[in-house]
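Asker: Next comes the structure file model.cif, holding mmCIF, C-alpha atoms.
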```cif
data_structure
loop_
_atom_site.label_atom_id
_atom_site.label_comp_id
_atom_site.auth_asym_id
_atom_site.auth_seq_id
_atom_site.Cartn_x
_atom_site.Cartn_y
_atom_site.Cartn_z
CA MET V 70 -191.91 -89.46 121.74
CA ARG V 71 -190.64 -86.53 119.71
CA ARG V 72 -190.43 -87.13 115.96
CA LYS V 73 -186.99 -87.09 114.37
CA VAL V 74 -187.92 -84.63 111.65
CA PRO V 75 -185.64 -81.81 110.43
CA SER V 76 -186.85 -78.22 110.46
CA ASN V 77 -188.85 -76.98 107.48
CA SER V 78 -186.38 -74.18 106.83
CA ALA V 79 -183.50 -76.67 106.62
CA LEU V 80 -185.41 -78.92 104.22
CA LEU V 81 -186.41 -75.97 102.03
CA ALA V 82 -182.82 -74.73 101.89
CA PHE V 83 -181.51 -78.20 101.06
CA GLU V 84 -184.11 -78.87 98.35
CA ALA V 85 -183.43 -75.54 96.64
CA ALA V 86 -179.65 -75.98 96.82
CA ALA V 87 -179.92 -79.54 95.48
CA ARG V 88 -182.14 -78.43 92.60
CA HIS V 89 -179.86 -75.55 91.60
CA SER V 90 -176.56 -77.22 92.56
CA SER V 91 -175.73 -73.87 94.09
CA PHE V 92 -176.07 -72.32 97.52
CA ALA V 93 -176.07 -68.84 95.96
CA ARG V 94 -178.99 -69.55 93.60
CA ALA V 95 -180.89 -71.26 96.43
CA ALA V 96 -180.36 -68.18 98.59
CA GLU V 97 -181.67 -65.94 95.79
CA GLU V 98 -184.80 -68.10 95.39
CA LEU V 99 -185.50 -68.17 99.14
CA SER V 100 -184.63 -64.49 99.71
CA LEU V 101 -181.85 -65.46 102.13
CA THR V 102 -178.12 -64.87 102.25
CA GLU V 103 -175.81 -67.55 100.94
CA GLY V 104 -174.39 -67.89 104.43
CA ALA V 105 -177.85 -68.55 105.87
CA VAL V 106 -178.45 -71.33 103.35
CA SER V 107 -175.07 -72.84 104.08
CA ARG V 108 -175.77 -72.81 107.83
CA GLN V 109 -179.19 -74.44 107.37
CA ILE V 110 -177.68 -77.25 105.31
CA SER V 111 -174.82 -77.73 107.78
CA ARG V 112 -177.35 -78.11 110.61
CA LEU V 113 -179.29 -80.60 108.52
CA GLU V 114 -176.13 -82.64 107.89
CA VAL V 115 -175.37 -82.64 111.63
CA PHE V 116 -178.95 -83.69 112.39
CA LEU V 117 -178.76 -86.57 109.87
CA GLY V 118 -175.18 -87.50 110.64
CA VAL V 119 -174.23 -87.66 106.93
CA ALA V 120 -172.73 -85.29 104.37
CA LEU V 121 -175.29 -84.24 101.78
CA PHE V 122 -172.96 -82.14 99.63
CA GLN V 123 -169.38 -82.46 98.52
CA ARG V 124 -167.64 -79.09 98.79
CA VAL V 125 -164.83 -78.37 96.35
CA GLY V 126 -163.55 -74.84 96.77
CA ASN V 127 -166.48 -72.50 96.16
CA ARG V 128 -168.47 -75.17 94.35
CA VAL V 129 -170.81 -77.81 95.76
CA ARG V 130 -172.32 -80.98 94.37
CA LEU V 131 -174.60 -83.56 95.85
CA ALA V 132 -173.04 -86.53 97.60
CA PRO V 133 -174.63 -89.96 96.89
CA ASN V 134 -176.67 -89.77 100.10
CA GLY V 135 -177.70 -86.23 99.17
CA THR V 136 -178.94 -87.29 95.73
CA ARG V 137 -181.30 -89.91 97.17
CA TYR V 138 -182.45 -87.64 99.98
CA ALA V 139 -183.10 -84.73 97.59
CA ILE V 140 -185.54 -86.83 95.54
CA GLN V 141 -187.42 -87.89 98.66
CA VAL V 142 -187.52 -84.40 100.16
CA ARG V 143 -188.73 -82.89 96.87
CA GLU V 144 -191.61 -85.39 96.68
CA ILE V 145 -192.59 -84.69 100.30
CA LEU V 146 -192.46 -80.90 99.87
CA ASP V 147 -194.45 -81.08 96.61
CA ARG V 148 -197.12 -83.14 98.30
CA LEU V 149 -197.17 -80.90 101.36
CA GLU V 150 -197.65 -77.88 99.10
CA ARG V 151 -200.49 -79.56 97.17
CA ASP V 152 -202.20 -80.62 100.38
CA SER V 153 -201.80 -77.16 101.88
CA LEU V 154 -203.26 -75.47 98.79
CA TYR V 155 -206.13 -77.96 98.90
CA VAL V 156 -206.94 -77.05 102.50
CA MET V 157 -206.58 -73.33 101.75
CA GLY V 158 -209.15 -73.72 98.99
CA GLN V 159 -211.83 -75.26 101.16
CA PRO V 160 -214.98 -73.24 101.88
CA ILE V 161 -214.94 -71.56 105.27
CA ASP V 162 -218.58 -72.19 106.16
CA GLY V 163 -219.25 -75.34 104.13
CA GLY V 164 -217.65 -78.63 103.27
CA SER V 165 -216.11 -80.59 100.44
CA ILE V 166 -215.91 -84.17 99.21
CA ASP V 167 -213.54 -86.02 96.91
CA ILE V 168 -215.08 -88.43 94.40
CA ALA V 169 -213.23 -90.89 92.16
CA ALA V 170 -215.08 -91.67 88.95
CA ILE V 171 -214.67 -93.36 85.59
CA PRO V 172 -213.59 -90.47 83.31
CA THR V 173 -216.29 -90.69 80.62
CA PHE V 174 -219.02 -91.14 83.23
CA ALA V 175 -217.73 -88.04 84.99
CA THR V 176 -217.58 -85.87 81.88
CA ARG V 177 -220.69 -87.18 80.12
CA TRP V 178 -223.11 -87.83 82.98
CA LEU V 179 -222.02 -86.49 86.36
CA ILE V 180 -220.48 -83.10 85.61
CA PRO V 181 -223.35 -81.91 83.36
CA ARG V 182 -225.70 -82.46 86.34
CA LEU V 183 -223.51 -80.89 89.02
CA LYS V 184 -224.91 -77.40 88.43
CA ARG V 185 -228.18 -78.61 89.96
CA PHE V 186 -226.27 -79.86 93.00
CA GLN V 187 -224.33 -76.61 93.25
CA ASP V 188 -227.51 -74.54 93.06
CA GLN V 189 -229.10 -76.57 95.83
CA TYR V 190 -226.03 -76.92 98.04
CA PRO V 191 -223.78 -73.90 97.30
CA ASN V 192 -221.59 -74.49 100.37
CA ILE V 193 -220.49 -77.99 99.32
CA THR V 194 -217.59 -78.32 96.90
CA VAL V 195 -217.31 -81.56 94.90
CA HIS V 196 -213.82 -82.53 93.75
CA ILE V 197 -213.65 -85.19 91.03
CA ALA V 198 -210.68 -87.30 89.96
CA GLU V 199 -210.57 -90.07 87.37
CA ARG V 200 -209.89 -93.70 88.21
CA MET V 201 -210.13 -96.28 85.45
CA GLU V 202 -209.66 -99.33 87.67
CA PRO V 203 -211.14 -100.34 91.06
CA PHE V 204 -208.91 -99.53 94.02
CA ILE V 205 -208.80 -99.74 97.80
CA LEU V 206 -211.06 -96.90 98.90
CA THR V 207 -209.94 -96.85 102.53
CA GLY V 208 -206.92 -94.61 102.90
CA SER V 209 -207.07 -93.46 99.27
CA GLY V 210 -208.03 -89.89 100.11
CA PHE V 211 -211.41 -90.29 98.37
CA ASP V 212 -214.71 -90.13 100.19
CA ALA V 213 -216.53 -92.24 97.60
CA ALA V 214 -216.24 -93.67 94.12
CA ILE V 215 -218.56 -94.02 91.14
CA HIS V 216 -217.52 -97.12 89.29
CA PHE V 217 -218.59 -100.45 87.88
CA ASP V 218 -219.78 -103.19 90.19
CA HIS V 219 -216.69 -105.32 90.79
CA PRO V 220 -215.41 -107.93 93.31
CA ALA V 221 -212.62 -105.51 94.23
CA TRP V 222 -215.20 -103.46 96.15
CA THR V 223 -215.85 -106.31 98.60
CA GLY V 224 -216.36 -104.85 102.07
CA MET V 225 -217.56 -101.53 100.69
CA HIS V 226 -221.20 -100.42 100.48
CA LEU V 227 -222.51 -100.34 96.91
CA HIS V 228 -225.60 -98.51 95.67
CA HIS V 229 -226.82 -99.21 92.14
CA LEU V 230 -226.98 -96.10 89.95
CA LEU V 231 -227.41 -96.93 86.27
CA GLU V 232 -226.99 -99.72 83.76
CA GLU V 233 -224.47 -99.24 80.99
CA VAL V 234 -226.32 -100.47 77.90
CA LEU V 235 -224.25 -100.35 74.71
CA VAL V 236 -225.70 -99.29 71.37
CA PRO V 237 -224.06 -98.89 67.93
CA VAL V 238 -224.13 -95.26 66.77
CA CYS V 239 -222.66 -93.24 63.94
CA ASN V 240 -222.79 -89.93 62.16
CA PRO V 241 -225.89 -89.96 59.91
CA ALA V 242 -223.69 -89.00 56.95
CA LEU V 243 -222.05 -92.42 57.21
CA LEU V 244 -225.35 -94.04 56.21
CA ALA V 245 -225.98 -91.87 53.16
CA GLY V 246 -226.78 -94.18 50.25
CA ALA V 247 -226.64 -97.31 52.44
CA ASP V 248 -228.93 -100.26 51.85
CA ALA V 249 -232.21 -100.44 53.71
CA ASP V 250 -230.84 -103.05 56.11
CA ILE V 251 -227.83 -100.82 56.94
CA SER V 252 -225.46 -103.78 57.26
CA LEU V 253 -222.91 -103.29 60.00
CA ASP V 254 -220.56 -105.64 58.19
CA LYS V 255 -220.16 -103.08 55.40
CA LEU V 256 -219.42 -100.14 57.70
CA PRO V 257 -216.16 -99.25 59.50
CA ARG V 258 -216.38 -100.20 63.16
CA LEU V 259 -214.65 -98.54 66.10
CA HIS V 260 -213.46 -100.38 69.22
CA ARG V 261 -212.73 -99.63 72.86
CA ARG V 262 -209.33 -101.09 73.63
CA GLN V 263 -210.44 -102.57 76.97
CA ASN V 264 -213.32 -104.48 75.31
CA PRO V 265 -211.82 -106.05 72.20
CA ASP V 266 -214.58 -108.68 71.90
CA ALA V 267 -217.53 -106.29 72.34
CA TRP V 268 -218.48 -106.30 68.65
CA GLN V 269 -218.38 -110.09 68.44
CA LEU V 270 -220.59 -110.41 71.53
CA TYR V 271 -222.98 -107.87 70.08
CA ALA V 272 -223.16 -109.70 66.74
CA GLU V 273 -223.91 -112.99 68.46
CA GLU V 274 -226.62 -111.38 70.61
CA VAL V 275 -228.53 -109.67 67.81
CA GLY V 276 -227.96 -112.44 65.28
CA ILE V 277 -225.85 -110.76 62.62
CA VAL V 278 -222.66 -111.88 60.91
CA LEU V 279 -219.48 -109.82 61.03
CA THR V 280 -216.82 -111.08 58.63
CA ASN V 281 -214.04 -109.91 60.95
CA SER V 282 -215.34 -108.40 64.20
CA ALA V 283 -211.86 -107.22 65.28
CA VAL V 284 -211.20 -104.94 62.29
CA GLY V 285 -211.21 -101.21 63.05
CA ALA V 286 -209.52 -98.43 65.01
CA ARG V 287 -209.14 -98.75 68.77
CA TYR V 288 -209.57 -96.06 71.43
CA ASP V 289 -209.00 -96.07 75.19
CA LEU V 290 -212.13 -94.22 76.34
CA HIS V 291 -215.79 -94.19 75.42
CA SER V 292 -215.50 -90.41 75.14
CA MET V 293 -212.95 -90.92 72.36
CA LEU V 294 -215.25 -93.39 70.61
CA ILE V 295 -218.11 -90.90 70.74
CA GLU V 296 -215.98 -88.15 69.24
CA ALA V 297 -214.74 -90.53 66.53
CA ALA V 298 -218.33 -91.46 65.67
CA LEU V 299 -219.31 -87.79 65.54
CA ALA V 300 -216.40 -87.18 63.17
CA GLY V 301 -217.75 -89.85 60.82
CA LEU V 302 -214.89 -92.30 61.35
CA GLY V 303 -217.16 -95.30 61.85
CA VAL V 304 -219.77 -97.00 64.01
CA ALA V 305 -219.05 -96.95 67.75
CA LEU V 306 -220.52 -99.30 70.36
CA VAL V 307 -221.04 -96.91 73.28
CA PRO V 308 -223.28 -96.53 76.36
CA ARG V 309 -226.64 -95.01 75.49
CA LEU V 310 -226.59 -92.94 78.71
CA TYR V 311 -223.64 -90.92 77.36
CA ILE V 312 -225.18 -89.86 74.04
CA GLY V 313 -228.72 -88.72 74.81
CA ALA V 314 -228.07 -85.15 73.63
CA GLU V 315 -226.35 -86.24 70.41
CA LEU V 316 -229.20 -88.60 69.52
CA GLU V 317 -231.83 -85.96 70.30
CA GLN V 318 -230.02 -83.40 68.16
CA GLY V 319 -229.54 -85.85 65.30
CA ARG V 320 -225.76 -85.59 65.42
CA LEU V 321 -225.66 -89.35 65.99
CA VAL V 322 -228.12 -92.02 64.90
CA ALA V 323 -228.75 -95.49 66.34
CA PRO V 324 -230.76 -97.58 63.84
CA TRP V 325 -229.54 -100.83 65.40
CA PRO V 326 -230.81 -102.58 68.56
CA ASP V 327 -229.28 -102.03 71.99
CA SER V 328 -227.07 -104.71 73.51
CA LYS V 329 -227.85 -106.35 76.84
CA THR V 330 -225.02 -108.91 76.83
CA THR V 331 -222.32 -106.29 77.31
CA ALA V 332 -224.20 -104.25 79.90
CA LYS V 333 -222.53 -103.29 83.19
CA ASN V 334 -223.81 -101.68 86.37
CA PHE V 335 -222.59 -98.31 87.62
CA CYS V 336 -222.51 -98.07 91.42
CA LEU V 337 -221.88 -95.49 94.09
CA VAL V 338 -219.21 -96.98 96.34
CA LEU V 339 -219.12 -95.83 99.97
CA PRO V 340 -216.81 -96.91 102.81
CA GLU V 341 -219.74 -97.17 105.24
CA PRO V 342 -223.55 -97.33 105.11
CA ILE V 343 -225.07 -94.16 103.72
CA GLU V 344 -227.05 -93.73 106.94
CA LEU V 345 -223.80 -93.51 108.93
CA SER V 346 -222.08 -90.94 106.74
CA GLU V 347 -222.44 -87.35 107.81
CA GLY V 348 -222.69 -83.95 106.24
CA PRO V 349 -221.57 -83.34 102.65
CA LEU V 350 -220.98 -87.00 101.74
CA GLN V 351 -224.44 -88.09 102.81
CA ILE V 352 -226.02 -85.13 101.00
CA PHE V 353 -224.13 -85.85 97.78
CA SER V 354 -224.83 -89.59 97.98
CA LYS V 355 -228.57 -89.09 98.29
CA TRP V 356 -228.54 -86.49 95.54
CA VAL V 357 -226.68 -88.66 93.01
CA LEU V 358 -228.97 -91.62 93.74
CA HIS V 359 -232.02 -89.43 93.07
CA GLU V 360 -230.43 -88.12 89.87
CA ALA V 361 -229.81 -91.65 88.66
CA ARG V 362 -233.44 -92.53 89.28
CA GLY V 363 -234.69 -89.41 87.53
CA LEU V 364 -236.19 -87.96 90.69
CA THR V 365 -236.04 -84.51 92.20
CA PRO V 366 -234.34 -84.52 95.64
#
```
Output the file's structure as structure tokens, nothing else.
Answerer:
Amino acid sequence: MRRKVPSNSALLAFEAAARHSSFARAAEELSLTEGAVSRQISRLEVFLGVALFQRVGNRVRLAPNGTRYAIQVREILDRLERDSLYVMGQPIDGGSIDIAAIPTFATRWLIPRLKRFQDQYPNITVHIAERMEPFILTGSGFDAAIHFDHPAWTGMHLHHLLEEVLVPVCNPALLAGADADISLDKLPRLHRRQNPDAWQLYAEEVGIVLTNSAVGARYDLHSMLIEAALAGLGVALVPRLYIGAELEQGRLVAPWPDSKTTAKNFCLVLPEPIELSEGPLQIFSKWVLHEARGLTP
């Protein structure tokens, strides 16, 4: 059965005319004559069986049906353009994959290692997008996700990557002149907004007393907490796996014990068993698992 879809030229003419509220300006944008634009829109109105514009003399304005339709057409054309540019940017003799990842994990752990992947597999392009919350992978447009272990991934195939172990860190200047025991209760503490009770859980685990565990500035991302700690704003409770370079360079110090209570597991989430995936996805999956285990593929 033939789809009831208007011609692309008619939709382009309508969208431009709706955006400019002018057939003449739409014609200028599309390098057409004003008459050609008018004819395209007339054909579209006949095809749809509704008036999209109200014509008053030489002026036009969108009719109510036209206003709603213009919004929908603009969204569709924008998406079609994005998808077309995406396909145009794919390697001719290689492949590509789309990975959804927690933003700080992507910027602090995954992306710094991707040069090794690129050197080994130059014909595979890895696209990365951030996703803070679990989502339905099937039909999302992503080939895989790197996220926390979560019940929302039921039905997917999870492969353990790393454990997120939190540790308090700060700029060493913050401890200048501090007592030998470096009491956390006397230092400004920084919080991740999504884990408001993390400091209290940490205090209970290591056996210290915090007069008010909730006091302190709040940030959305661990990457923000790390930058705040580097700036000397306070002590941040952040994953050790994100701050290896800063600790090695002495830009951050961690004189307090790690926390196990607040640890989470990072997983590679796949829609099917890794053995069944083919090509670029299987190659990337095996590579990232080896990287997480500190092995050379």
Asker: Using the chain letters and numbers from the file, which residues does the PyMOL selection byres ((chain V and resi 307) around 9) grab, as a list in words?
Answerer: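 For this structure, the PyMOL selection byres ((chain V and resi 307) around 9) resolves to Glu233, Val234, Leu235, Val236, Pro237, Val238, Arg261, His291, Ser292, Leu294, Ile295, Ala305, Leu306, Pro308, Arg309, Leu310, Tyr311 and Ile312 of chain V.
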Asker: Keeping only C-alpha atoms, write those residues as a compact mmCIF listing (two decimals), in the frame of the given file.
Answerer:
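The result, written out as again.txt:
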```
# COMPACT_ATOMS: atom_id res chain seq x y z
CA GLU V 233 -224.47 -99.24 80.99
CA VAL V 234 -226.32 -100.47 77.90
CA LEU V 235 -224.25 -100.35 74.71
CA VAL V 236 -225.70 -99.29 71.37
CA PRO V 237 -224.06 -98.89 67.93
CA VAL V 238 -224.13 -95.26 66.77
CA ARG V 261 -212.73 -99.63 72.86
CA HIS V 291 -215.79 -94.19 75.42
CA SER V 292 -215.50 -90.41 75.14
CA LEU V 294 -215.25 -93.39 70.61
CA ILE V 295 -218.11 -90.90 70.74
CA ALA V 305 -219.05 -96.95 67.75
CA LEU V 306 -220.52 -99.30 70.36
CA PRO V 308 -223.28 -96.53 76.36
CA ARG V 309 -226.64 -95.01 75.49
CA LEU V 310 -226.59 -92.94 78.71
CA TYR V 311 -223.64 -90.92 77.36
CA ILE V 312 -225.18 -89.86 74.04
```
Asker: Considering all atoms listed in the file, return as an NGL selection string whatever protein or nucleic-acid residues lie within 12 Å of Arg320 (chain V), sequence-local ones (same chain, fewer than 5 positions apart) excluded.
Answerer: :V and (238-243 or 295-296 or 298-301 or 312-315)
Asker: Using only C-alpha atoms for the distances, tell me which of V:Ala267, V:Leu358, V:Val275, V:Ala132 is nearest to Arg287 (chain V).
Answerer: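 Once distances to Arg287 (chain V) are computed over only C-alpha atoms, the minimum belongs to V:Ala267.
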Asker: Could you spell out the hits of the PyMOL selection byres ((chain V and resi 87-91) around 8) on the shown file, as a list in words?
Answerer: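 For this structure, the PyMOL selection byres ((chain V and resi 87-91) around 8) captures Phe83, Glu84, Ala85, Ala86, Phe92, Ala93, Arg94, Ala95, Arg128, Val129, Arg130, Leu131, Gly135, Thr136 and Ala139 of chain V.
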Asker: Could you write those residues out with C-alpha atoms, as a PDB file, in the frame of the given file?
Answerer:
```pdb
ATOM      1  CA  PHE V  83    -181.510 -78.200 101.060  1.00  0.00           C
ATOM      2  CA  GLU V  84    -184.110 -78.870  98.350  1.00  0.00           C
ATOM      3  CA  ALA V  85    -183.430 -75.540  96.640  1.00  0.00           C
ATOM      4  CA  ALA V  86    -179.650 -75.980  96.820  1.00  0.00           C
ATOM      5  CA  PHE V  92    -176.070 -72.320  97.520  1.00  0.00           C
ATOM      6  CA  ALA V  93    -176.070 -68.840  95.960  1.00  0.00           C
ATOM      7  CA  ARG V  94    -178.990 -69.550  93.600  1.00  0.00           C
ATOM      8  CA  ALA V  95    -180.890 -71.260  96.430  1.00  0.00           C
ATOM      9  CA  ARG V 128    -168.470 -75.170  94.350  1.00  0.00           C
ATOM     10  CA  VAL V 129    -170.810 -77.810  95.760  1.00  0.00           C
ATOM     11  CA  ARG V 130    -172.320 -80.980  94.370  1.00  0.00           C
ATOM     12  CA  LEU V 131    -174.600 -83.560  95.850  1.00  0.00           C
ATOM     13  CA  GLY V 135    -177.700 -86.230  99.170  1.00  0.00           C
ATOM     14  CA  THR V 136    -178.940 -87.290  95.730  1.00  0.00           C
ATOM     15  CA  ALA V 139    -183.100 -84.730  97.590  1.00  0.00           C
TER      16      ALA V 139
END
```
Asker: Can you list, as an MDAnalysis selection string, the residues that the PyMOL selection byres ((chain V and resi 355) around 12) selects here?
Answerer: chainID V and resid 186 228:230 337 339 342:344 346:354 356:362 364:366
Asker: Can you tell me which residues surround Ala170 (chain V) at a distance of at most 9 Å, considering all atoms listed in the file, apart from same-chain residues fewer than 6 positions away, and format the answer as a list of chain:residue names?
Answerer: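 So, after excluding close chain neighbours, the residues are V:Ile197, V:Ala198, V:Glu199, V:Arg200, V:Met201, V:Ala213, V:Ala214, V:Ile215, V:His216.
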Asker: Next, write the just-selected residues to a file, as a PDB file, in the coordinates of the input, keeping C-alpha atoms as the atom set.
Answerer:
```pdb
ATOM      1  CA  ILE V 197    -213.650 -85.190  91.030  1.00  0.00           C
ATOM      2  CA  ALA V 198    -210.680 -87.300  89.960  1.00  0.00           C
ATOM      3  CA  GLU V 199    -210.570 -90.070  87.370  1.00  0.00           C
ATOM      4  CA  ARG V 200    -209.890 -93.700  88.210  1.00  0.00           C
ATOM      5  CA  MET V 201    -210.130 -96.280  85.450  1.00  0.00           C
ATOM      6  CA  ALA V 213    -216.530 -92.240  97.600  1.00  0.00           C
ATOM      7  CA  ALA V 214    -216.240 -93.670  94.120  1.00  0.00           C
ATOM      8  CA  ILE V 215    -218.560 -94.020  91.140  1.00  0.00           C
ATOM      9  CA  HIS V 216    -217.520 -97.120  89.290  1.00  0.00           C
TER      10      HIS V 216
END
```
Asker: To one decimal place in Å, what is the distance between CA of Pro191 (chain V) and CA of Met157 (chain V)?
Answerer: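 Value for the CA of Pro191 (chain V)-CA of Met157 (chain V) distance: 17.8 Å.
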Asker: Measure the distance from CA of Phe335 (chain V) to CA of Ser209 (chain V) in Å and round it to one decimal.
Answerer: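 One can read the CA of Phe335 (chain V) to CA of Ser209 (chain V) distance as 20.0 Å.
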Asker: Any idea what the distance is between CA of Glu317 (chain V) and CA of Cys336 (chain V)?
Answerer: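 Going from CA of Glu317 (chain V) over to CA of Cys336 (chain V) covers 26.1 Å.
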Asker: Taking only C-alpha atoms into account, name the residue in V:Val74, V:Gly285, V:Glu202, V:Pro257 that is nearest to Ile171 (chain V).
Answerer: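 Closest residue, counting only C-alpha atoms: V:Glu202.
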Asker: For a quick check of understanding, using all atoms listed in the file, which of V:Gln141, V:Thr223, V:Ser100, V:Ser165 has the smallest distance to Glu341 (chain V)?
Answerer: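 Closest to Glu341 (chain V) of all the choices is V:Thr223.
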Asker: For each of V:Ser252, V:Val195, V:Gly210, V:Leu345, take the minimum atom-to-atom distance to Ala175 (chain V), counting only C-alpha atoms, then give the residue where this is smallest.
Answerer: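 Among the listed residues, the smallest separation from Ala175 (chain V) belongs to V:Val195.
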Asker: Calculated over all atoms listed in the file, which of the candidates V:Val322, V:Ile193, V:Val278, V:Met70 has the smallest distance to Lys255 (chain V)?
Answerer: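 So, comparing all the options, the nearest one is V:Val278.
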Asker: Got a sec: who's within 12 Å of Asn77 (chain V), counting all atoms listed in the file, leaving out chain neighbours fewer than 5 positions off, as a list in words?
Answerer: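 The contact residues come out as Ala82, Phe83, Glu84, Gln109, Ile110, Arg112, Leu113, Val142, Ile145, Leu146 and Leu149 of chain V.
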